[in-house]
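Asks: Coordinates in data-v6.cif, mmCIF, C-alpha atoms (C1' of nucleotides), are listed below.
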data_entry
#
loop_
_atom_site.group_PDB
_atom_site.id
_atom_site.type_symbol
_atom_site.label_atom_id
_atom_site.label_comp_id
_atom_site.auth_asym_id
_atom_site.auth_seq_id
_atom_site.Cartn_x
_atom_site.Cartn_y
_atom_site.Cartn_z
ATOM 1 C CA MET A 1 -0.328 20.422 13.125
ATOM 2 C CA LEU A 2 -0.896 18.600 9.891
ATOM 3 C CA LEU A 3 -4.664 18.800 9.976
ATOM 4 C CA THR A 4 -4.863 22.558 10.314
ATOM 5 C CA TYR A 5 -2.094 22.933 7.745
ATOM 6 C CA TYR A 6 -3.650 20.795 5.038
ATOM 7 C CA GLY A 7 -7.274 20.478 6.075
ATOM 8 C CA ASP A 8 -9.261 17.293 5.626
ATOM 9 C CA LEU A 9 -7.811 15.390 2.683
ATOM 10 C CA GLY A 10 -10.538 12.799 2.718
ATOM 11 C CA TRP A 11 -10.383 9.102 2.052
ATOM 12 C CA TRP A 12 -9.032 6.618 -0.450
ATOM 13 C CA PRO A 13 -10.796 7.471 -3.730
ATOM 14 C CA GLY A 14 -13.383 5.186 -5.281
ATOM 15 C CA HIS A 15 -16.034 2.753 -4.100
ATOM 16 C CA SER A 16 -15.226 -0.295 -2.016
ATOM 17 C CA TYR A 17 -14.199 -2.755 -4.715
ATOM 18 C CA GLU A 18 -12.179 -0.152 -6.587
ATOM 19 C CA ILE A 19 -10.274 0.552 -3.406
ATOM 20 C CA MET A 20 -9.248 -3.087 -3.071
ATOM 21 C CA ILE A 21 -8.032 -3.214 -6.642
ATOM 22 C CA GLY A 22 -6.262 0.108 -6.287
ATOM 23 C CA ALA A 23 -4.495 -1.132 -3.161
ATOM 24 C CA ILE A 24 -3.026 -4.010 -5.152
ATOM 25 C CA LEU A 25 -2.213 -2.013 -8.267
ATOM 26 C CA VAL A 26 -0.388 0.710 -6.344
ATOM 27 C CA GLN A 27 2.174 -1.700 -4.887
ATOM 28 C CA ASN A 28 5.548 -0.096 -5.554
ATOM 29 C CA THR A 29 3.942 1.845 -8.392
ATOM 30 C CA ALA A 30 3.105 5.500 -8.968
ATOM 31 C CA TRP A 31 -0.579 6.331 -8.496
ATOM 32 C CA SER A 32 -0.682 7.929 -11.955
ATOM 33 C CA ASN A 33 -0.069 4.474 -13.426
ATOM 34 C CA VAL A 34 -2.895 3.053 -11.336
ATOM 35 C CA GLU A 35 -5.237 5.714 -12.706
ATOM 36 C CA ARG A 36 -4.390 4.657 -16.247
ATOM 37 C CA SER A 37 -5.343 1.111 -15.350
ATOM 38 C CA LEU A 38 -8.573 2.089 -13.635
ATOM 39 C CA GLU A 39 -9.602 4.102 -16.674
ATOM 40 C CA ASN A 40 -9.530 0.880 -18.685
ATOM 41 C CA PHE A 41 -12.568 -0.312 -16.762
ATOM 42 C CA ALA A 42 -14.759 2.640 -17.721
ATOM 43 C CA GLU A 43 -17.162 2.879 -14.792
ATOM 44 C CA ASP A 44 -17.480 -0.885 -14.637
ATOM 45 C CA LEU A 45 -14.927 -2.144 -12.139
ATOM 46 C CA THR A 46 -17.055 -4.684 -10.319
ATOM 47 C CA PRO A 47 -16.280 -8.137 -8.934
ATOM 48 C CA GLN A 48 -18.819 -9.548 -11.373
ATOM 49 C CA LEU A 49 -16.821 -8.192 -14.284
ATOM 50 C CA VAL A 50 -13.460 -9.385 -12.971
ATOM 51 C CA GLU A 51 -15.012 -12.784 -12.414
ATOM 52 C CA LYS A 52 -15.723 -13.032 -16.139
ATOM 53 C CA LEU A 53 -12.388 -11.716 -17.404
ATOM 54 C CA THR A 54 -9.607 -14.144 -18.185
ATOM 55 C CA ILE A 55 -6.183 -13.499 -16.732
ATOM 56 C CA GLU A 56 -5.027 -12.300 -20.144
ATOM 57 C CA GLU A 57 -7.916 -9.854 -20.440
ATOM 58 C CA LEU A 58 -7.276 -8.621 -16.941
ATOM 59 C CA ILE A 59 -3.596 -8.103 -17.716
ATOM 60 C CA THR A 60 -4.535 -6.009 -20.740
ATOM 61 C CA ARG A 61 -6.502 -3.660 -18.495
ATOM 62 C CA ILE A 62 -4.044 -3.330 -15.637
ATOM 63 C CA TYR A 63 -0.976 -3.255 -17.859
ATOM 64 C CA PRO A 64 0.107 0.337 -17.050
ATOM 65 C CA SER A 65 0.512 -0.517 -13.366
ATOM 66 C CA GLY A 66 3.357 -2.957 -13.960
ATOM 67 C CA PHE A 67 3.983 -6.326 -12.259
ATOM 68 C CA TYR A 68 0.857 -7.361 -14.120
ATOM 69 C CA HIS A 69 1.272 -11.134 -13.938
ATOM 70 C CA ALA A 70 1.416 -11.143 -10.169
ATOM 71 C CA LYS A 71 -1.185 -8.419 -9.755
ATOM 72 C CA ALA A 72 -3.692 -10.014 -12.128
ATOM 73 C CA ALA A 73 -3.490 -13.337 -10.284
ATOM 74 C CA CYS A 74 -3.782 -11.535 -6.974
ATOM 75 C CA ILE A 75 -6.881 -9.613 -8.071
ATOM 76 C CA LYS A 76 -8.471 -12.849 -9.244
ATOM 77 C CA ASN A 77 -7.785 -14.583 -5.950
ATOM 78 C CA LEU A 78 -8.947 -11.632 -3.911
ATOM 79 C CA THR A 79 -12.197 -11.600 -5.861
ATOM 80 C CA VAL A 80 -12.721 -15.309 -5.228
ATOM 81 C CA TRP A 81 -12.183 -14.660 -1.540
ATOM 82 C CA TYR A 82 -14.630 -11.754 -1.532
ATOM 83 C CA LYS A 83 -17.307 -13.892 -3.173
ATOM 84 C CA GLN A 84 -17.479 -15.981 -0.008
ATOM 85 C CA TYR A 85 -18.962 -12.930 1.645
ATOM 86 C CA GLY A 86 -21.359 -12.214 -1.184
ATOM 87 C CA TYR A 87 -19.280 -9.217 -2.279
ATOM 88 C CA SER A 88 -20.786 -7.482 0.724
ATOM 89 C CA VAL A 89 -18.887 -4.958 2.812
ATOM 90 C CA GLN A 90 -21.418 -5.334 5.613
ATOM 91 C CA THR A 91 -20.993 -9.103 5.771
ATOM 92 C CA VAL A 92 -17.214 -8.830 6.082
ATOM 93 C CA GLN A 93 -17.658 -6.235 8.809
ATOM 94 C CA THR A 94 -19.454 -8.775 10.977
ATOM 95 C CA GLN A 95 -16.301 -10.895 11.052
ATOM 96 C CA PRO A 96 -13.398 -10.488 13.483
ATOM 97 C CA LEU A 97 -10.610 -8.235 12.250
ATOM 98 C CA SER A 98 -7.896 -10.831 12.871
ATOM 99 C CA LYS A 99 -9.767 -13.460 10.882
ATOM 100 C CA ILE A 100 -10.184 -11.224 7.848
ATOM 101 C CA ARG A 101 -6.581 -10.067 8.123
ATOM 102 C CA ASP A 102 -5.297 -13.642 8.155
ATOM 103 C CA GLU A 103 -7.460 -14.535 5.170
ATOM 104 C CA LEU A 104 -6.167 -11.567 3.191
ATOM 105 C CA LEU A 105 -2.549 -12.338 4.089
ATOM 106 C CA ALA A 106 -3.055 -15.884 2.858
ATOM 107 C CA ILE A 107 -3.673 -14.539 -0.641
ATOM 108 C CA ARG A 108 -0.473 -14.460 -2.633
ATOM 109 C CA GLY A 109 0.467 -10.915 -3.497
ATOM 110 C CA ILE A 110 -1.172 -9.413 -0.425
ATOM 111 C CA GLY A 111 1.247 -8.545 2.352
ATOM 112 C CA ALA A 112 0.811 -6.615 5.570
ATOM 113 C CA GLU A 113 0.465 -3.187 4.021
ATOM 114 C CA THR A 114 -2.037 -4.134 1.341
ATOM 115 C CA ALA A 115 -4.061 -6.180 3.822
ATOM 116 C CA ASP A 116 -4.228 -3.298 6.271
ATOM 117 C CA ALA A 117 -5.143 -0.803 3.564
ATOM 118 C CA ILE A 118 -8.076 -3.001 2.530
ATOM 119 C CA LEU A 119 -9.121 -3.569 6.139
ATOM 120 C CA LEU A 120 -9.151 0.140 6.815
ATOM 121 C CA TYR A 121 -10.266 1.824 3.607
ATOM 122 C CA VAL A 122 -12.771 -0.775 2.441
ATOM 123 C CA PHE A 123 -14.086 -2.333 5.645
ATOM 124 C CA TYR A 124 -13.381 0.427 8.169
ATOM 125 C CA PHE A 125 -11.521 -1.732 10.635
ATOM 126 C CA PRO A 126 -9.312 0.413 12.914
ATOM 127 C CA THR A 127 -6.015 -0.717 11.405
ATOM 128 C CA PHE A 128 -3.109 1.671 10.939
ATOM 129 C CA VAL A 129 -1.427 1.293 7.542
ATOM 130 C CA ILE A 130 2.369 1.494 7.428
ATOM 131 C CA ASP A 131 3.628 2.477 3.998
ATOM 132 C CA ALA A 132 6.791 4.049 2.621
ATOM 133 C CA TYR A 133 5.661 7.568 3.536
ATOM 134 C CA ILE A 134 4.767 6.591 7.086
ATOM 135 C CA LYS A 135 8.158 4.953 7.485
ATOM 136 C CA ARG A 136 9.877 8.067 6.215
ATOM 137 C CA PHE A 137 7.758 10.224 8.500
ATOM 138 C CA ALA A 138 8.558 7.966 11.455
ATOM 139 C CA GLU A 139 12.279 8.420 10.938
ATOM 140 C CA ARG A 140 11.939 11.829 12.539
ATOM 141 C CA LEU A 141 9.777 10.719 15.448
ATOM 142 C CA PRO A 142 10.836 9.225 18.779
ATOM 143 C CA VAL A 143 9.754 5.737 17.783
ATOM 144 C CA PRO A 144 11.416 2.629 19.213
ATOM 145 C CA ALA A 145 14.669 1.589 17.566
ATOM 146 C CA ALA A 146 13.018 -1.315 15.796
ATOM 147 C CA ARG A 147 11.480 0.015 12.587
ATOM 148 C CA ASP A 148 9.829 -3.123 11.338
ATOM 149 C CA TYR A 149 6.191 -3.134 10.261
ATOM 150 C CA LYS A 150 4.703 -4.498 13.469
ATOM 151 C CA THR A 151 6.619 -2.161 15.743
ATOM 152 C CA LEU A 152 5.737 0.916 13.723
ATOM 153 C CA GLN A 153 2.105 -0.083 13.487
ATOM 154 C CA ALA A 154 1.903 -0.618 17.245
ATOM 155 C CA TYR A 155 3.539 2.732 17.842
ATOM 156 C CA PHE A 156 1.052 4.714 15.780
ATOM 157 C CA SER A 157 -1.901 2.643 16.807
ATOM 158 C CA ASP A 158 -1.155 2.860 20.521
ATOM 159 C CA ASN A 159 -0.815 6.627 20.400
ATOM 160 C CA LEU A 160 -4.105 7.283 18.643
ATOM 161 C CA GLU A 161 -7.725 6.781 19.542
ATOM 162 C CA GLN A 162 -8.858 3.435 18.139
ATOM 163 C CA ASP A 163 -11.005 4.957 15.463
ATOM 164 C CA ALA A 164 -10.952 3.891 11.816
ATOM 165 C CA ILE A 165 -11.938 7.298 10.459
ATOM 166 C CA LEU A 166 -9.127 8.938 12.384
ATOM 167 C CA PHE A 167 -6.602 6.293 11.282
ATOM 168 C CA GLY A 168 -7.569 6.729 7.667
ATOM 169 C CA LYS A 169 -7.570 10.496 7.590
ATOM 170 C CA TYR A 170 -4.340 10.707 9.539
ATOM 171 C CA HIS A 171 -2.670 8.231 7.216
ATOM 172 C CA ILE A 172 -3.833 10.151 4.148
ATOM 173 C CA LEU A 173 -2.539 13.366 5.672
ATOM 174 C CA ILE A 174 0.941 11.956 6.188
ATOM 175 C CA LEU A 175 0.861 10.417 2.727
ATOM 176 C CA GLU A 176 -0.088 13.608 0.920
ATOM 177 C CA HIS A 177 2.273 15.572 3.097
ATOM 178 C CA GLY A 178 5.062 13.172 2.165
ATOM 179 C CA LYS A 179 4.352 13.497 -1.541
ATOM 180 C CA LYS A 180 4.627 17.235 -1.213
ATOM 181 C CA HIS A 181 7.638 17.623 1.059
ATOM 182 C CA CYS A 182 9.334 14.336 1.807
ATOM 183 C CA LYS A 183 10.541 12.782 -1.398
ATOM 184 C CA LYS A 184 13.261 10.237 -1.050
ATOM 185 C CA LYS A 185 15.923 12.547 -2.443
ATOM 186 C CA PRO A 186 16.480 14.975 -0.929
ATOM 187 C CA ARG A 187 14.978 13.471 2.139
ATOM 188 C CA CYS A 188 12.298 15.599 3.729
ATOM 189 C CA GLU A 189 13.696 18.840 2.412
ATOM 190 C CA GLY A 190 11.528 21.823 3.264
ATOM 191 C CA CYS A 191 9.257 19.840 5.521
ATOM 192 C CA PRO A 192 7.480 22.231 7.897
ATOM 193 C CA PHE A 193 7.033 19.465 10.430
ATOM 194 C CA MET A 194 10.605 18.319 10.771
ATOM 195 C CA ASN A 195 11.210 16.703 14.143
ATOM 196 C CA GLU A 196 7.624 17.296 15.120
ATOM 197 C CA CYS A 197 5.558 14.612 16.750
ATOM 198 C CA ASP A 198 2.103 15.495 15.577
ATOM 199 C CA PHE A 199 -0.577 13.239 16.925
ATOM 200 C CA PRO A 200 -3.988 14.855 16.685
ATOM 201 C CA LYS A 201 -5.227 12.877 19.652
ATOM 202 C CA ARG A 202 -3.607 10.701 22.229
ATOM 203 C CA GLN A 203 -4.995 7.659 23.871
ATOM 204 C CA LYS A 204 -5.163 7.805 27.627
ATOM 205 C CA SER A 205 -2.703 5.363 29.126
ATOM 206 C CA SER A 206 -4.432 2.709 31.132
ATOM 207 C "C1'" DC B 1 20.403 6.870 -19.749
ATOM 208 C "C1'" DG B 2 19.096 6.079 -14.285
ATOM 209 C "C1'" DC B 3 16.034 6.797 -10.359
ATOM 210 C "C1'" DC B 4 11.679 6.473 -8.405
ATOM 211 C "C1'" DA B 5 6.816 5.136 -7.128
ATOM 212 C "C1'" DG B 6 1.477 4.315 -1.238
ATOM 213 C "C1'" DG B 7 5.164 -4.001 -2.046
ATOM 214 C "C1'" DG B 8 5.619 -8.763 -1.867
ATOM 215 C "C1'" DC B 9 7.767 -13.234 -2.828
ATOM 216 C "C1'" DC B 10 11.456 -16.182 -2.699
ATOM 217 C "C1'" DA B 11 16.200 -17.937 -2.063
ATOM 218 C "C1'" DT B 12 20.005 -17.712 0.736
ATOM 219 C "C1'" DA B 13 22.873 -17.466 5.104
ATOM 220 C "C1'" DT C 1 15.590 -12.670 11.016
ATOM 221 C "C1'" DA C 2 17.507 -10.108 7.585
ATOM 222 C "C1'" DT C 3 19.166 -8.952 3.354
ATOM 223 C "C1'" DG C 4 19.117 -9.076 -1.990
ATOM 224 C "C1'" DG C 5 17.266 -10.164 -6.569
ATOM 225 C "C1'" DC C 6 13.272 -10.046 -8.989
ATOM 226 C "C1'" DC C 7 8.958 -8.396 -10.924
ATOM 227 C "C1'" DA C 8 7.491 -3.863 -14.983
ATOM 228 C "C1'" DT C 9 5.283 0.376 -16.130
ATOM 229 C "C1'" DG C 10 5.437 5.565 -16.909
ATOM 230 C "C1'" DG C 11 7.188 10.303 -15.258
ATOM 231 C "C1'" DC C 12 10.995 12.915 -14.878
#
Using structure tokens, write down the structure from this file.

Replies:
Amino acid sequence: MLLTYYGDLGWWPGHSYEIMIGAILVQNTAWSNVERSLENFAEDLTPQLVEKLTIEELITRIYPSGFYHAKAACIKNLTVWYKQYGYSVQTVQTQPLSKIRDELLAIRGIGAETADAILLYVFYFPTFVIDAYIKRFAERLPVPAARDYKTLQAYFSDNLEQDAILFGKYHILILEHGKKHCKKKPRCEGCPFMNECDFPKRQKSS
DNA sequence: CGCCAGGGCCATA
DNA sequence: TATGGCCATGGC
């Protein structure tokens, strides 16, 4: 199985606020470009700093990630939202998952995937993130015919223990695995887990 | 040169 | 609801 093959690949890198920003910057963008952007903050990527920066200054920093007009505005709005909770992870965690998810989705530039990534990797809500690698991975699994976001998310979520740490580590595993073996072209060439349904733990049906 | 990368928005039918 | 154009950079 993936876990024994790769070992524990950990979590999304960075502290909580960096993770939010990274989740926005990585939209349809290579992670290497995101790293270039993050380096422009030199150990000082805090909501207090972003609060002070103008949109133009923010664009200058995130420039290498592309789509900078939309992403800069999105980061600003996300930061305004986060201020309501005192920039506190713990405070957000006291709120219902669905409420936070709706609030994130209401921010322009944050769709289902980015919202779920923030919910999981920043606030540790048990939300399964569906990204391009998960979709590609799912093409080989006996998932329902419908491959839309909600259906895929329900499929993975329903077949795993409802545990945020597990969701996160499993997602990272598939992601890193995909980067290694399952590039778009040629699709999944050399993948050692072809046609293998590889859930580390199944939820008991009730 | 073109394709691709851990999307999302909007217009159109 | 489901496509398609658009946004933009850097690696290859």

Asks: For atom CA of A:Ile174 and atom CA of A:Ile118, determine how far apart the two atoms are, in Å to one decimal place.

Replies: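 Between atom CA of A:Ile174 and atom CA of A:Ile118 the gap works out to 17.8 Å.
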
Asks: Evaluate the PyMOL selection byres ((chain B and resi 8) around 8) here and jot the selected residues down as a ChimeraX atom specification.

Replies: /A:109-111 /B:7,9

Asks: Up to 10 Å from chain B, what residues of chain A turn up? Count all atoms listed in the file and give them as a ChimeraX atom specification.

Replies: /A:23-33,70,108-114,117,129-134,172,175-176,179,183-185

Asks: Between A:Tyr68, A:Tyr170, A:Tyr82, A:Phe137, which is the closest to chain C once you count only C-alpha atoms (C1' of nucleotides)?

Replies: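 Counting only C-alpha atoms (C1' of nucleotides), the residue closest to chain C is A:Tyr68.
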
Asks: What is the distance between atom CA of A:Glu39 and atom CA of A:His177, in Å to one decimal?

Replies: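 Going from atom CA of A:Glu39 over to atom CA of A:His177, I get 25.8 Å.
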
Asks: Could you tell me, as a list in words, exactly which residues end up selected when the PyMOL selection byres ((chain C) within 12 of (chain A)) is applied to this structure?

Replies: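 Applied to this file, the PyMOL selection byres ((chain C) within 12 of (chain A)) returns DT1, DA2, DC6, DC7, DA8, DT9, DG10 and DG11 of chain C.
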